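Okay, work_36.pdb is below, PDB, C-alpha atoms, pLDDT in the B column:
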```pdb
MODEL        1
ATOM      1  CA  MET A1313     -39.578 -46.585   6.662  1.00 64.00           C
ATOM      2  CA  ASP A1314     -39.985 -49.781   4.678  1.00 86.00           C
ATOM      3  CA  ALA A1315     -40.241 -49.944   0.879  1.00 86.00           C
ATOM      4  CA  LEU A1316     -44.053 -50.112   0.871  1.00 80.00           C
ATOM      5  CA  GLU A1317     -44.377 -47.040   3.093  1.00 84.00           C
ATOM      6  CA  SER A1318     -41.807 -45.211   0.979  1.00 86.00           C
ATOM      7  CA  ALA A1319     -43.719 -46.033  -2.217  1.00 86.00           C
ATOM      8  CA  ARG A1320     -47.017 -45.006  -0.603  1.00 87.00           C
ATOM      9  CA  ASP A1321     -45.484 -41.714   0.550  1.00 89.00           C
ATOM     10  CA  ALA A1322     -44.087 -41.044  -2.939  1.00 90.00           C
ATOM     11  CA  ALA A1323     -47.501 -41.749  -4.491  1.00 91.00           C
ATOM     12  CA  TRP A1324     -49.234 -39.339  -2.088  1.00 92.00           C
ATOM     13  CA  ARG A1325     -46.620 -36.635  -2.840  1.00 94.00           C
ATOM     14  CA  ARG A1326     -47.117 -37.052  -6.587  1.00 93.00           C
ATOM     15  CA  HIS A1327     -50.904 -37.141  -6.204  1.00 94.00           C
ATOM     16  CA  ALA A1328     -50.687 -33.808  -4.362  1.00 95.00           C
ATOM     17  CA  ASN A1329     -49.873 -32.121  -7.670  1.00 96.00           C
ATOM     18  CA  PRO A1330     -52.925 -29.950  -8.468  1.00 95.00           C
ATOM     19  CA  LYS A1331     -52.997 -31.395 -12.000  1.00 96.00           C
ATOM     20  CA  SER A1332     -53.684 -34.806 -10.479  1.00 95.00           C
ATOM     21  CA  GLY A1333     -56.652 -33.620  -8.436  1.00 93.00           C
ATOM     22  CA  TRP A1334     -58.240 -31.405 -11.072  1.00 95.00           C
ATOM     23  CA  SER A1335     -57.893 -34.038 -13.775  1.00 95.00           C
ATOM     24  CA  ARG A1336     -59.692 -36.504 -11.502  1.00 94.00           C
ATOM     25  CA  VAL A1337     -62.616 -34.074 -11.267  1.00 95.00           C
ATOM     26  CA  LEU A1338     -62.943 -34.359 -15.047  1.00 95.00           C
ATOM     27  CA  LEU A1339     -63.350 -38.133 -14.804  1.00 96.00           C
ATOM     28  CA  THR A1340     -67.005 -37.869 -13.782  1.00 97.00           C
ATOM     29  CA  PRO A1341     -68.157 -36.289 -17.058  1.00 98.00           C
ATOM     30  CA  VAL A1342     -65.933 -38.665 -19.048  1.00 98.00           C
ATOM     31  CA  LEU A1343     -67.413 -41.707 -17.302  1.00 97.00           C
ATOM     32  CA  LEU A1344     -70.940 -40.366 -17.787  1.00 98.00           C
ATOM     33  CA  TYR A1345     -70.251 -39.765 -21.470  1.00 98.00           C
ATOM     34  CA  ALA A1346     -68.827 -43.290 -21.798  1.00 98.00           C
ATOM     35  CA  ALA A1347     -71.974 -44.707 -20.164  1.00 98.00           C
ATOM     36  CA  TYR A1348     -74.229 -42.583 -22.372  1.00 98.00           C
ATOM     37  CA  ARG A1349     -72.428 -43.682 -25.533  1.00 98.00           C
ATOM     38  CA  ARG A1350     -71.967 -47.219 -24.192  1.00 97.00           C
ATOM     39  CA  ASP A1351     -68.314 -46.815 -25.080  1.00 98.00           C
ATOM     40  CA  GLU A1352     -66.506 -49.588 -23.221  1.00 97.00           C
ATOM     41  CA  LYS A1353     -63.110 -48.495 -24.514  1.00 98.00           C
ATOM     42  CA  LEU A1354     -63.557 -44.936 -23.204  1.00 98.00           C
ATOM     43  CA  ALA A1355     -64.828 -46.261 -19.873  1.00 97.00           C
ATOM     44  CA  ALA A1356     -61.811 -48.586 -19.593  1.00 98.00           C
ATOM     45  CA  LEU A1357     -59.431 -45.743 -20.423  1.00 97.00           C
ATOM     46  CA  ALA A1358     -61.063 -43.495 -17.820  1.00 96.00           C
ATOM     47  CA  LEU A1359     -60.843 -46.225 -15.181  1.00 96.00           C
ATOM     48  CA  ALA A1360     -57.210 -46.916 -16.103  1.00 97.00           C
ATOM     49  CA  PHE A1361     -56.496 -43.189 -15.788  1.00 96.00           C
ATOM     50  CA  THR A1362     -58.106 -43.261 -12.337  1.00 94.00           C
ATOM     51  CA  VAL A1363     -55.672 -45.967 -11.262  1.00 94.00           C
ATOM     52  CA  VAL A1364     -52.492 -44.382 -12.633  1.00 94.00           C
ATOM     53  CA  ASN A1365     -53.439 -40.741 -12.018  1.00 93.00           C
ATOM     54  CA  PRO A1366     -51.922 -40.494  -8.520  1.00 90.00           C
ATOM     55  CA  VAL A1367     -48.434 -41.183  -9.884  1.00 90.00           C
ATOM     56  CA  LEU A1368     -48.578 -39.437 -13.280  1.00 93.00           C
ATOM     57  CA  PHE A1369     -47.521 -36.006 -12.097  1.00 94.00           C
ATOM     58  CA  SER A1370     -44.416 -34.812 -10.303  1.00 94.00           C
ATOM     59  CA  PRO A1371     -44.711 -33.693  -6.674  1.00 94.00           C
ATOM     60  CA  PRO A1372     -45.714 -30.029  -6.338  1.00 95.00           C
ATOM     61  CA  ALA A1373     -43.047 -27.444  -5.531  1.00 93.00           C
ATOM     62  CA  ASP A1374     -45.041 -26.173  -2.554  1.00 94.00           C
ATOM     63  CA  ASP A1375     -48.287 -26.721  -0.639  1.00 92.00           C
ATOM     64  CA  ASP A1376     -49.924 -23.433  -1.624  1.00 92.00           C
ATOM     65  CA  ALA A1377     -52.463 -24.703  -4.161  1.00 95.00           C
ATOM     66  CA  TRP A1378     -55.898 -25.550  -2.780  1.00 96.00           C
ATOM     67  CA  MET A1379     -55.968 -28.887  -4.648  1.00 96.00           C
ATOM     68  CA  THR A1380     -52.573 -29.795  -3.177  1.00 96.00           C
ATOM     69  CA  ARG A1381     -53.991 -29.168   0.282  1.00 96.00           C
ATOM     70  CA  VAL A1382     -57.026 -31.283  -0.677  1.00 95.00           C
ATOM     71  CA  VAL A1383     -54.770 -34.304  -1.152  1.00 95.00           C
ATOM     72  CA  LEU A1384     -52.762 -33.511   1.997  1.00 94.00           C
ATOM     73  CA  ALA A1385     -56.017 -33.155   3.928  1.00 93.00           C
ATOM     74  CA  GLU A1386     -57.390 -36.439   2.580  1.00 91.00           C
ATOM     75  CA  ARG A1387     -54.203 -38.214   3.636  1.00 91.00           C
ATOM     76  CA  TRP A1388     -54.355 -36.550   7.052  1.00 89.00           C
ATOM     77  CA  TRP A1389     -58.018 -37.523   7.433  1.00 86.00           C
ATOM     78  CA  ILE A1390     -57.311 -41.149   6.553  1.00 84.00           C
ATOM     79  CA  GLU A1391     -53.978 -41.694   8.307  1.00 83.00           C
ATOM     80  CA  GLU A1392     -53.706 -39.239  11.174  1.00 75.00           C
ATOM     81  CA  ARG A1393     -57.310 -39.158  12.282  1.00 67.00           C
ATOM     82  CA  GLU A1394     -57.710 -42.852  11.561  1.00 61.00           C
ATOM     83  CA  GLU A1395     -61.292 -42.187  10.549  1.00 59.00           C
ATOM     84  CA  ASP A1396     -62.890 -43.888   7.601  1.00 59.00           C
ATOM     85  CA  VAL A1397     -63.564 -41.460   4.764  1.00 54.00           C
ATOM     86  CA  LEU A1398     -66.931 -43.205   4.407  1.00 56.00           C
ATOM     87  CA  ALA A1399     -67.850 -42.859   8.088  1.00 62.00           C
ATOM     88  CA  ALA A1400     -71.320 -41.553   8.916  1.00 69.00           C
ATOM     89  CA  SER A1401     -70.011 -38.400  10.611  1.00 78.00           C
ATOM     90  CA  TYR A1402     -69.738 -34.981   9.019  1.00 85.00           C
ATOM     91  CA  PRO A1403     -68.098 -34.273   6.610  1.00 87.00           C
ATOM     92  CA  ALA A1404     -67.693 -37.932   5.588  1.00 84.00           C
ATOM     93  CA  VAL A1405     -71.477 -38.217   5.238  1.00 89.00           C
ATOM     94  CA  LEU A1406     -71.101 -36.097   2.096  1.00 91.00           C
ATOM     95  CA  ASN A1407     -69.159 -38.995   0.558  1.00 87.00           C
ATOM     96  CA  LEU A1408     -71.900 -41.396   1.620  1.00 89.00           C
ATOM     97  CA  ILE A1409     -74.521 -39.240  -0.061  1.00 94.00           C
ATOM     98  CA  ASN A1410     -72.288 -38.951  -3.109  1.00 95.00           C
ATOM     99  CA  LEU A1411     -72.240 -42.708  -3.753  1.00 95.00           C
ATOM    100  CA  PRO A1412     -75.918 -43.100  -4.733  1.00 97.00           C
ATOM    101  CA  VAL A1413     -75.901 -39.736  -6.510  1.00 98.00           C
ATOM    102  CA  PHE A1414     -72.996 -40.833  -8.717  1.00 98.00           C
ATOM    103  CA  ALA A1415     -74.596 -44.251  -9.248  1.00 98.00           C
ATOM    104  CA  TYR A1416     -77.819 -42.515 -10.333  1.00 98.00           C
ATOM    105  CA  ALA A1417     -75.831 -40.277 -12.700  1.00 98.00           C
ATOM    106  CA  LEU A1418     -74.276 -43.358 -14.320  1.00 98.00           C
ATOM    107  CA  LEU A1419     -77.659 -45.060 -14.580  1.00 98.00           C
ATOM    108  CA  ALA A1420     -79.266 -41.948 -16.070  1.00 98.00           C
ATOM    109  CA  ALA A1421     -76.452 -41.679 -18.606  1.00 98.00           C
ATOM    110  CA  TYR A1422     -76.770 -45.343 -19.502  1.00 98.00           C
ATOM    111  CA  ARG A1423     -80.536 -44.972 -19.923  1.00 98.00           C
ATOM    112  CA  LYS A1424     -79.925 -41.979 -22.225  1.00 98.00           C
ATOM    113  CA  HIS A1425     -81.325 -39.279 -19.935  1.00 98.00           C
ATOM    114  CA  PRO A1426     -78.680 -36.591 -20.513  1.00 98.00           C
ATOM    115  CA  VAL A1427     -80.236 -33.850 -18.380  1.00 98.00           C
ATOM    116  CA  ARG A1428     -80.685 -36.158 -15.389  1.00 98.00           C
ATOM    117  CA  ALA A1429     -77.156 -37.516 -15.867  1.00 98.00           C
ATOM    118  CA  ALA A1430     -75.702 -34.010 -16.100  1.00 98.00           C
ATOM    119  CA  VAL A1431     -77.566 -32.728 -13.030  1.00 98.00           C
ATOM    120  CA  ALA A1432     -76.680 -35.794 -10.959  1.00 98.00           C
ATOM    121  CA  GLY A1433     -73.088 -35.720 -12.229  1.00 98.00           C
ATOM    122  CA  LEU A1434     -72.719 -32.055 -11.316  1.00 98.00           C
ATOM    123  CA  THR A1435     -74.290 -32.740  -7.916  1.00 98.00           C
ATOM    124  CA  SER A1436     -71.803 -35.565  -7.391  1.00 98.00           C
ATOM    125  CA  ILE A1437     -68.863 -33.302  -8.226  1.00 98.00           C
ATOM    126  CA  LEU A1438     -70.180 -30.549  -5.943  1.00 97.00           C
ATOM    127  CA  LEU A1439     -70.664 -32.996  -3.061  1.00 97.00           C
ATOM    128  CA  LYS A1440     -67.086 -34.210  -3.461  1.00 96.00           C
ATOM    129  CA  LEU A1441     -65.721 -30.673  -3.647  1.00 97.00           C
ATOM    130  CA  ARG A1442     -67.708 -29.670  -0.547  1.00 97.00           C
ATOM    131  CA  PHE A1443     -66.360 -32.738   1.283  1.00 94.00           C
ATOM    132  CA  VAL A1444     -62.742 -32.012   0.413  1.00 94.00           C
ATOM    133  CA  ASP A1445     -63.168 -28.298   1.119  1.00 96.00           C
ATOM    134  CA  GLU A1446     -64.271 -29.170   4.647  1.00 95.00           C
ATOM    135  CA  LEU A1447     -61.282 -31.503   4.996  1.00 93.00           C
ATOM    136  CA  VAL A1448     -58.949 -28.688   3.915  1.00 95.00           C
ATOM    137  CA  ARG A1449     -60.499 -26.343   6.482  1.00 94.00           C
ATOM    138  CA  ARG A1450     -59.997 -28.906   9.247  1.00 92.00           C
ATOM    139  CA  TYR A1451     -56.512 -29.790   8.030  1.00 92.00           C
ATOM    140  CA  ASP A1452     -55.482 -26.127   7.970  1.00 92.00           C
ATOM    141  CA  VAL A1453     -56.759 -25.560  11.509  1.00 91.00           C
ATOM    142  CA  GLU A1454     -55.140 -28.733  12.815  1.00 87.00           C
ATOM    143  CA  THR A1455     -51.773 -28.524  11.074  1.00 84.00           C
ATOM    144  CA  VAL A1456     -51.178 -24.861  10.305  1.00 76.00           C
ATOM    145  CA  GLY A1457     -53.340 -23.061  12.826  1.00 68.00           C
ATOM    146  CA  SER A1458     -56.559 -21.152  12.712  1.00 47.00           C
ATOM    147  CA  GLU A1459     -54.964 -18.124  10.988  1.00 50.00           C
ATOM    148  CA  SER A1460     -54.554 -20.045   7.696  1.00 46.00           C
ATOM    149  CA  ALA A1461     -58.034 -21.491   7.907  1.00 46.00           C
ATOM    150  CA  ASN A1462     -59.580 -18.020   8.009  1.00 49.00           C
ATOM    151  CA  GLU A1463     -57.755 -16.673   4.945  1.00 51.00           C
TER     152      GLU A1463
ENDMDL
END
```
Representation of the structure as structure tokens:
Amino acid sequence: MDALESARDAAWRRHANPKSGWSRVLLTPVLLYAAYRRDEKLAALALAFTVVNPVLFSPPADDDAWMTRVVLAERWWIEEREEDVLAASYPAVLNLINLPVFAYALLAAYRKHPVRAAVAGLTSILLKLRFVDELVRRYDVETVGSESANE
């Protein structure tokens, strides 16, 4: 394994910490709030957090947490299946739908429509969680066996 692969593997392991995944979920409301308030500093901080988040936390002790398996499943989906996360097949289509929904949420926040921004932001989060939940189900069946997937 070369240095780049080793660094990539270490980043994925650290990103698998549930704190990493759950804190990323909170970025949507922070970004919407920054757009609503037109707070460039808050938006920049949120974007910076997005970049450094995958390496902020230590690797998890085990793979039991659902959010840990989310990250493992995303990596599996990208690397093992060699399928684009933004492909037009299910469940990746949920990510495709999520893009305009999130863009609308940002626009609504910027235009000072808090209810629209909140509804679209929540819809965006739910689409992402549904997408990763499906990845976890497939990952569990493929890597652990169907017994774990049915728990």
- request: Would you kindly identify which residues have an atom no farther than 8 Å from (-59.1, -32.5, 1.9), using all atoms listed in the file and the file's own coordinates, and write them out as a ChimeraX atom specification?
  value: /A:1381-1387,1389,1443-1449,1451
field: Contact residues around stretch 1364-1369 of chain A with all atoms listed in the file at 6 Å, ignoring same-chain residues under 2 positions, as a VMD selection string
entry: chain A and resid 1323 1326 to 1327 1361 to 1362
Counting all atoms listed in the file, the residue of A:Ala1356, A:Gly1433, A:Glu1454, A:Lys1440 that sits nearest A:Ala1420: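 The answer is A:Gly1433, which sits nearest to A:Ala1420.
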- prompt: If you apply the PyMOL selection byres ((chain A and resi 1421-1426) around 8) to this file, what residues do you get, as a ChimeraX atom specification?
  reply: /A:1344-1345,1347-1350,1417-1420,1427-1430
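We find atom CA of A:Met1379 and atom CA of A:Ala1315 to be spaced 26.9 Å apart.
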- prompt: When distances are computed from all atoms listed in the file, which of A:Glu1392, A:Leu1441, A:Pro1372, A:Ala1346 shows the smallest separation from A:Leu1359?
  reply: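 Among the listed residues, the smallest separation from A:Leu1359 belongs to A:Ala1346.
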- request: Using atom CA of A:Ser1436 and atom CA of A:Glu1391 as the two end points, give the distance in Å to one decimal.
  value: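 About the pair atom CA of A:Ser1436 and atom CA of A:Glu1391: they are 24.5 Å apart.
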- request: Would you work out the distance separating atom CA of A:Thr1380 from atom CA of A:Trp1324, expressed in Å to one decimal?
  value: 10.2 Å
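In this comparison, which uses all atoms listed in the file, the residue of A:Ala1328, A:Leu1357, A:Leu1339, A:Leu1439 approaching A:Asp1375 most closely is A:Ala1328.
Among A:Trp1388, A:Pro1371, A:Val1342, A:Arg1450, the residue with the shortest atom-to-atom distance to A:Pro1403, counting only C-alpha atoms, is A:Arg1450.
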- request: Would you mind telling me which residue in A:Gly1333, A:Ile1390, A:Arg1442, A:Val1363 lies nearest to A:Leu1406 when using only C-alpha atoms?
  value: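 Looking only at the distances to A:Leu1406, the closest residue turns out to be A:Arg1442.
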- prompt: Quick one: of A:Ala1415, A:Asn1329, A:Leu1408, A:Val1456, who's nearest to A:Leu1343, counting all atoms listed in the file?
  reply: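 Using all atoms listed in the file, A:Leu1343 sits closest to A:Ala1415.
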Stretch 1354-1377 of chain A dumped to file, N, CA, C and O atoms, as a PDB file, in the first residue's frame:
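Printed below is part.pdb as written:
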```pdb
ATOM      1  N   LEU A1354     -19.774  32.310   9.128  1.00  0.00           N
ATOM      2  CA  LEU A1354     -20.365  31.041   9.561  1.00  0.00           C
ATOM      3  C   LEU A1354     -20.372  30.036   8.415  1.00  0.00           C
ATOM      4  O   LEU A1354     -20.070  28.852   8.615  1.00  0.00           O
ATOM      5  N   ALA A1355     -20.716  30.487   7.228  1.00  0.00           N
ATOM      6  CA  ALA A1355     -20.713  29.599   6.060  1.00  0.00           C
ATOM      7  C   ALA A1355     -19.305  29.059   5.802  1.00  0.00           C
ATOM      8  O   ALA A1355     -19.131  27.860   5.544  1.00  0.00           O
ATOM      9  N   ALA A1356     -18.304  29.917   5.892  1.00  0.00           N
ATOM     10  CA  ALA A1356     -16.914  29.484   5.678  1.00  0.00           C
ATOM     11  C   ALA A1356     -16.481  28.487   6.746  1.00  0.00           C
ATOM     12  O   ALA A1356     -15.816  27.482   6.431  1.00  0.00           O
ATOM     13  N   LEU A1357     -16.872  28.740   7.987  1.00  0.00           N
ATOM     14  CA  LEU A1357     -16.536  27.800   9.064  1.00  0.00           C
ATOM     15  C   LEU A1357     -17.209  26.444   8.852  1.00  0.00           C
ATOM     16  O   LEU A1357     -16.594  25.398   9.062  1.00  0.00           O
ATOM     17  N   ALA A1358     -18.465  26.467   8.433  1.00  0.00           N
ATOM     18  CA  ALA A1358     -19.183  25.214   8.174  1.00  0.00           C
ATOM     19  C   ALA A1358     -18.539  24.446   7.019  1.00  0.00           C
ATOM     20  O   ALA A1358     -18.386  23.225   7.092  1.00  0.00           O
ATOM     21  N   LEU A1359     -18.157  25.150   5.972  1.00  0.00           N
ATOM     22  CA  LEU A1359     -17.499  24.491   4.842  1.00  0.00           C
ATOM     23  C   LEU A1359     -16.122  23.959   5.237  1.00  0.00           C
ATOM     24  O   LEU A1359     -15.733  22.859   4.826  1.00  0.00           O
ATOM     25  N   ALA A1360     -15.395  24.718   6.052  1.00  0.00           N
ATOM     26  CA  ALA A1360     -14.095  24.244   6.540  1.00  0.00           C
ATOM     27  C   ALA A1360     -14.277  22.995   7.395  1.00  0.00           C
ATOM     28  O   ALA A1360     -13.502  22.031   7.289  1.00  0.00           O
ATOM     29  N   PHE A1361     -15.317  23.000   8.235  1.00  0.00           N
ATOM     30  CA  PHE A1361     -15.606  21.821   9.057  1.00  0.00           C
ATOM     31  C   PHE A1361     -15.919  20.621   8.179  1.00  0.00           C
ATOM     32  O   PHE A1361     -15.507  19.498   8.477  1.00  0.00           O
ATOM     33  N   THR A1362     -16.628  20.841   7.079  1.00  0.00           N
ATOM     34  CA  THR A1362     -16.941  19.762   6.144  1.00  0.00           C
ATOM     35  C   THR A1362     -15.667  19.113   5.610  1.00  0.00           C
ATOM     36  O   THR A1362     -15.587  17.896   5.484  1.00  0.00           O
ATOM     37  N   VAL A1363     -14.679  19.933   5.320  1.00  0.00           N
ATOM     38  CA  VAL A1363     -13.420  19.439   4.765  1.00  0.00           C
ATOM     39  C   VAL A1363     -12.612  18.658   5.800  1.00  0.00           C
ATOM     40  O   VAL A1363     -12.086  17.585   5.504  1.00  0.00           O
ATOM     41  N   VAL A1364     -12.512  19.177   7.011  1.00  0.00           N
ATOM     42  CA  VAL A1364     -11.665  18.533   8.022  1.00  0.00           C
ATOM     43  C   VAL A1364     -12.398  17.466   8.831  1.00  0.00           C
ATOM     44  O   VAL A1364     -11.758  16.649   9.498  1.00  0.00           O
ATOM     45  N   ASN A1365     -13.711  17.454   8.787  1.00  0.00           N
ATOM     46  CA  ASN A1365     -14.506  16.524   9.581  1.00  0.00           C
ATOM     47  C   ASN A1365     -14.054  15.067   9.469  1.00  0.00           C
ATOM     48  O   ASN A1365     -13.962  14.392  10.488  1.00  0.00           O
ATOM     49  N   PRO A1366     -13.780  14.550   8.277  1.00  0.00           N
ATOM     50  CA  PRO A1366     -13.435  13.129   8.190  1.00  0.00           C
ATOM     51  C   PRO A1366     -12.186  12.721   8.967  1.00  0.00           C
ATOM     52  O   PRO A1366     -11.991  11.536   9.211  1.00  0.00           O
ATOM     53  N   VAL A1367     -11.355  13.660   9.370  1.00  0.00           N
ATOM     54  CA  VAL A1367     -10.147  13.279  10.105  1.00  0.00           C
ATOM     55  C   VAL A1367     -10.119  13.831  11.529  1.00  0.00           C
ATOM     56  O   VAL A1367      -9.126  13.669  12.233  1.00  0.00           O
ATOM     57  N   LEU A1368     -11.184  14.465  11.971  1.00  0.00           N
ATOM     58  CA  LEU A1368     -11.205  15.068  13.311  1.00  0.00           C
ATOM     59  C   LEU A1368     -11.320  14.049  14.437  1.00  0.00           C
ATOM     60  O   LEU A1368     -10.842  14.285  15.534  1.00  0.00           O
ATOM     61  N   PHE A1369     -11.958  12.951  14.181  1.00  0.00           N
ATOM     62  CA  PHE A1369     -12.277  11.998  15.238  1.00  0.00           C
ATOM     63  C   PHE A1369     -11.414  10.747  15.111  1.00  0.00           C
ATOM     64  O   PHE A1369     -10.996  10.381  14.017  1.00  0.00           O
ATOM     65  N   SER A1370     -11.196  10.093  16.247  1.00  0.00           N
ATOM     66  CA  SER A1370     -10.405   8.863  16.216  1.00  0.00           C
ATOM     67  C   SER A1370     -11.234   7.738  15.610  1.00  0.00           C
ATOM     68  O   SER A1370     -12.471   7.785  15.629  1.00  0.00           O
ATOM     69  N   PRO A1371     -10.577   6.708  15.075  1.00  0.00           N
ATOM     70  CA  PRO A1371     -11.326   5.576  14.527  1.00  0.00           C
ATOM     71  C   PRO A1371     -12.196   4.936  15.614  1.00  0.00           C
ATOM     72  O   PRO A1371     -11.806   4.919  16.794  1.00  0.00           O
ATOM     73  N   PRO A1372     -13.356   4.419  15.249  1.00  0.00           N
ATOM     74  CA  PRO A1372     -14.221   3.792  16.252  1.00  0.00           C
ATOM     75  C   PRO A1372     -13.614   2.481  16.752  1.00  0.00           C
ATOM     76  O   PRO A1372     -12.841   1.831  16.046  1.00  0.00           O
ATOM     77  N   ALA A1373     -13.992   2.102  17.961  1.00  0.00           N
ATOM     78  CA  ALA A1373     -13.481   0.866  18.563  1.00  0.00           C
ATOM     79  C   ALA A1373     -14.043  -0.367  17.864  1.00  0.00           C
ATOM     80  O   ALA A1373     -13.398  -1.413  17.812  1.00  0.00           O
ATOM     81  N   ASP A1374     -15.264  -0.244  17.334  1.00  0.00           N
ATOM     82  CA  ASP A1374     -15.883  -1.377  16.651  1.00  0.00           C
ATOM     83  C   ASP A1374     -16.785  -0.850  15.535  1.00  0.00           C
ATOM     84  O   ASP A1374     -16.900   0.352  15.343  1.00  0.00           O
ATOM     85  N   ASP A1375     -17.422  -1.765  14.825  1.00  0.00           N
ATOM     86  CA  ASP A1375     -18.281  -1.405  13.693  1.00  0.00           C
ATOM     87  C   ASP A1375     -19.764  -1.506  14.040  1.00  0.00           C
ATOM     88  O   ASP A1375     -20.605  -1.599  13.153  1.00  0.00           O
ATOM     89  N   ASP A1376     -20.096  -1.502  15.320  1.00  0.00           N
ATOM     90  CA  ASP A1376     -21.472  -1.740  15.735  1.00  0.00           C
ATOM     91  C   ASP A1376     -22.424  -0.575  15.471  1.00  0.00           C
ATOM     92  O   ASP A1376     -23.600  -0.791  15.209  1.00  0.00           O
ATOM     93  N   ALA A1377     -21.946   0.647  15.572  1.00  0.00           N
ATOM     94  CA  ALA A1377     -22.824   1.806  15.420  1.00  0.00           C
ATOM     95  C   ALA A1377     -23.337   1.920  13.983  1.00  0.00           C
ATOM     96  O   ALA A1377     -22.594   1.701  13.025  1.00  0.00           O
TER      97      ALA A1377
END
```
